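Let me begin by presenting the structure, written as structure tokens, before commenting on it.
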Amino acid sequence: MMRCFVRPYLLSVFAIVPAGGFLAVSPALADGPSFDCGKANLPAEKAICADPQLSAIDLLVSKAYKEFEPAFGGDKRKIARGLIADRNACKSDTACIASALNNALQTYGNAPSWVQDYTIALIGKKALDAAARNPGNKDQPLPSAIGQCASTHIETLTTRLGDDPLETATPEAGSAATFTNGGGAVSYDREAGLAAAKVGEPVVMCLISIPRDCPKDDDRGRVYYSVDLVAKGSWALPDSQHMCGGA
């Protein structure tokens, strides 16, 4: 079954992306990518060939696919085509490509922690760049494609079930937020980034995962990486309590 980002990303994005560049998040890299760079034609393929980390991740995706079995009886090749289309739609945007490749690894059930860290480092910088292009923090539509980022504001901060304010809730009550662009975030844990936030604060949301191995018409579990531009917290959470196919 497809798995979402489960590792906590509670540090400020400014700690993740220092002024001098990205943190070194990957181990020694294997050969890659999974295709012949001499025959690369698409912008996404060329971007993968130009980045050692993306090349290594692409090779991991190819290997993970071989062992993948759809969780809900779907067509394995159709799922793969959707994931490749996500990647190719990124063109030369490396943050988008990393998100799409990590989403593929999550779908195939094998996403190493360094891949998630590298993805968050890239998408964190992209979120800040998006905020810089919208200095008035004007609300923008909820992102609909992997790698897209948009400005919004926090509308509510509650427990996971939405029945109590997050500020005064106990840790076991979980946490949730809604945003003025219609987006949402939910966690069974007390998410530090949300707990430090306030209603009305501007946020940048970036879509980093779209479930592809799902029952028909069940699209729950899109994951957004978000940065609170006031409290400086960040989180990567799904938009529903259950992933697609869940209870």
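Residue numbers start at 1 in each chain; chains themselves are named A, B, ... in the order of the structure tokens; ligands are numbered from 1 in the order shown.
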ask   = Which residues in region 32-164 of chain A does DSSP call helix (DSSP H, G or I)? List them as an NGL selection string.
value = :A and (37-39 or 43-50 or 52-67 or 76-89 or 94-108 or 113-132)
What lies within 12 Å of Gly245 (chain A) using only C-alpha atoms, ignoring chain neighbours under 6 positions off, as a PDB file with C-alpha atoms, in the first residue's frame?
ATOM      1  CA  MET A   1       0.000   0.000   0.000  1.00  0.00           C
ATOM      2  CA  MET A   2       1.102   3.549  -0.686  1.00  0.00           C
ATOM      3  CA  ARG A   3       2.647   5.214   2.356  1.00  0.00           C
ATOM      4  CA  PRO A  70      -0.928  -2.948  -6.239  1.00  0.00           C
ATOM      5  CA  ALA A  71      -2.803  -2.964  -2.949  1.00  0.00           C
ATOM      6  CA  PHE A  72      -6.291  -2.669  -4.404  1.00  0.00           C
ATOM      7  CA  GLY A  73      -6.159  -4.802  -7.530  1.00  0.00           C
ATOM      8  CA  PRO A 211      -1.815   8.716  -4.034  1.00  0.00           C
ATOM      9  CA  ARG A 212      -1.812   6.583  -7.186  1.00  0.00           C
ATOM     10  CA  ASP A 213      -2.396   3.066  -5.833  1.00  0.00           C
ATOM     11  CA  CYS A 214      -5.993   3.632  -4.704  1.00  0.00           C
ATOM     12  CA  PRO A 215      -9.504   2.250  -5.067  1.00  0.00           C
ATOM     13  CA  LYS A 216     -11.550   3.902  -7.795  1.00  0.00           C
ATOM     14  CA  ASP A 217     -12.733   7.436  -6.933  1.00  0.00           C
ATOM     15  CA  ASP A 218     -10.865   7.474  -3.613  1.00  0.00           C
ATOM     16  CA  ASP A 219      -8.286  10.274  -3.714  1.00  0.00           C
ATOM     17  CA  ARG A 220      -7.778  10.844   0.009  1.00  0.00           C
ATOM     18  CA  GLY A 221      -4.304  11.311   1.399  1.00  0.00           C
TER      19      GLY A 221
END
task = Measure the distance from CA of Ser209 (chain A) to CA of Arg222 (chain A) in Å and round it to one decimal.
result =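 Calculated distance between CA of Ser209 (chain A) and CA of Arg222 (chain A) is 5.5 Å.
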message = Based on the backbone DSSP call, show me all residues of region 4-229 of chain A assigned strand (DSSP E), as a ChimeraX atom specification.
response = /A:149-158,175-179,184-187,202-209,223-228
query = Nearest to Gln53 (chain A): which of A:Val115, A:Ala176, A:Ala85, A:Ile146 is it, counting only C-alpha atoms?
reply =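 Residue with the minimum atom-to-atom distance to Gln53 (chain A): A:Val115.
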A:Leu101, A:Ala80, A:Val203, A:Ala121 ranked by distance to Pro33 (chain A), top pick (using only C-alpha atoms) =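 Closest to Pro33 (chain A) of all the choices is A:Leu101.
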request  = Counting only C-alpha atoms, figure out which residue out of A:Asn137, A:Ser240, A:Thr94, A:Thr178 gets nearest to Lys46 (chain A).
outcome  = A:Thr94
ask   = Which neighbours of Glu45 (chain A) fall inside 10 Å, counting only C-alpha atoms, when residues of the same chain fewer than 2 positions from it are skipped, and could you give them as a list in words?
value =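 Counting only the stated atoms, we get Pro33, Phe35, Asp36, Cys37, Lys39, Ala40, Asn41, Leu42, Pro43, Ala47, Ile48, Cys49, Ala50, Leu54, Ser55, Asp58, Arg87, Asn88, Lys91, Ser92 and Ile97 of chain A.
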Generate the output file for the selected residues, C-alpha atoms, as a PDB file, in the first residue's frame.
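Here's the written file again_16.pdb:
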ATOM      1  CA  PRO A  33      19.585   6.820 -13.404  1.00  0.00           C
ATOM      2  CA  PHE A  35      17.747   5.094 -18.327  1.00  0.00           C
ATOM      3  CA  ASP A  36      20.426   6.075 -20.833  1.00  0.00           C
ATOM      4  CA  CYS A  37      21.193   9.765 -20.351  1.00  0.00           C
ATOM      5  CA  LYS A  39      18.997   9.309 -25.087  1.00  0.00           C
ATOM      6  CA  ALA A  40      17.319  11.695 -22.644  1.00  0.00           C
ATOM      7  CA  ASN A  41      14.933  14.022 -24.483  1.00  0.00           C
ATOM      8  CA  LEU A  42      12.430  15.303 -21.925  1.00  0.00           C
ATOM      9  CA  PRO A  43      13.331  18.204 -19.600  1.00  0.00           C
ATOM     10  CA  ALA A  47      17.324  17.300 -15.037  1.00  0.00           C
ATOM     11  CA  ILE A  48      17.624  13.842 -13.490  1.00  0.00           C
ATOM     12  CA  CYS A  49      20.796  13.140 -15.457  1.00  0.00           C
ATOM     13  CA  ALA A  50      22.286  16.456 -14.280  1.00  0.00           C
ATOM     14  CA  LEU A  54      17.940  12.519  -8.557  1.00  0.00           C
ATOM     15  CA  SER A  55      19.769   9.951 -10.680  1.00  0.00           C
ATOM     16  CA  ASP A  58      15.379   7.302 -10.185  1.00  0.00           C
ATOM     17  CA  ARG A  87       7.507  13.308 -12.965  1.00  0.00           C
ATOM     18  CA  ASN A  88       7.506  14.454 -16.584  1.00  0.00           C
ATOM     19  CA  LYS A  91       9.806  19.606 -16.637  1.00  0.00           C
ATOM     20  CA  SER A  92      13.161  20.834 -15.230  1.00  0.00           C
ATOM     21  CA  ILE A  97      10.935  15.942  -9.720  1.00  0.00           C
TER      22      ILE A  97
END
message = Would you compute the distance between CA of Lys66 (chain A) and CA of Ala89 (chain A)? Give it in Å to one decimal.
response =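 For CA of Lys66 (chain A) relative to CA of Ala89 (chain A), the distance reads 23.3 Å.
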request  = Just the residues within 10 Å of Leu157 (chain A), please, counting only C-alpha atoms, with nothing from its chain fewer than 6 positions along; format it as a VMD selection string.
outcome  = chain A and resid 164 to 167 175 to 179 185 to 186 194 to 195 197 to 200
Residues from last step as file, C-alpha atoms, as a PDB file, in the first residue's frame:
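Final output, selection.pdb:
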ATOM      1  CA  ASP A 164     -11.352  21.323  20.551  1.00  0.00           C
ATOM      2  CA  PRO A 165      -8.846  24.151  20.020  1.00  0.00           C
ATOM      3  CA  LEU A 166      -5.347  22.818  19.426  1.00  0.00           C
ATOM      4  CA  GLU A 167      -3.771  25.339  21.801  1.00  0.00           C
ATOM      5  CA  SER A 175      -3.851  18.030  15.547  1.00  0.00           C
ATOM      6  CA  ALA A 176      -5.514  19.444  12.460  1.00  0.00           C
ATOM      7  CA  ALA A 177      -5.694  22.636  10.459  1.00  0.00           C
ATOM      8  CA  THR A 178      -7.805  24.083   7.711  1.00  0.00           C
ATOM      9  CA  PHE A 179      -6.714  26.823   5.337  1.00  0.00           C
ATOM     10  CA  ALA A 185      -3.773  18.992   7.312  1.00  0.00           C
ATOM     11  CA  VAL A 186      -4.283  16.325   9.945  1.00  0.00           C
ATOM     12  CA  LEU A 194       0.827  23.446  13.924  1.00  0.00           C
ATOM     13  CA  ALA A 195       1.004  23.792  17.709  1.00  0.00           C
ATOM     14  CA  ALA A 197       1.057  28.468  14.705  1.00  0.00           C
ATOM     15  CA  LYS A 198      -1.804  30.933  15.081  1.00  0.00           C
ATOM     16  CA  VAL A 199      -5.058  31.308  13.177  1.00  0.00           C
ATOM     17  CA  GLY A 200      -4.688  33.903  10.432  1.00  0.00           C
TER      18      GLY A 200
END
message = Just the number, please: distance in Å from CA of Leu60 (chain A) to CA of Asp75 (chain A), one decimal.
response =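 CA of Asp75 (chain A) lies 20.6 Å from CA of Leu60 (chain A).
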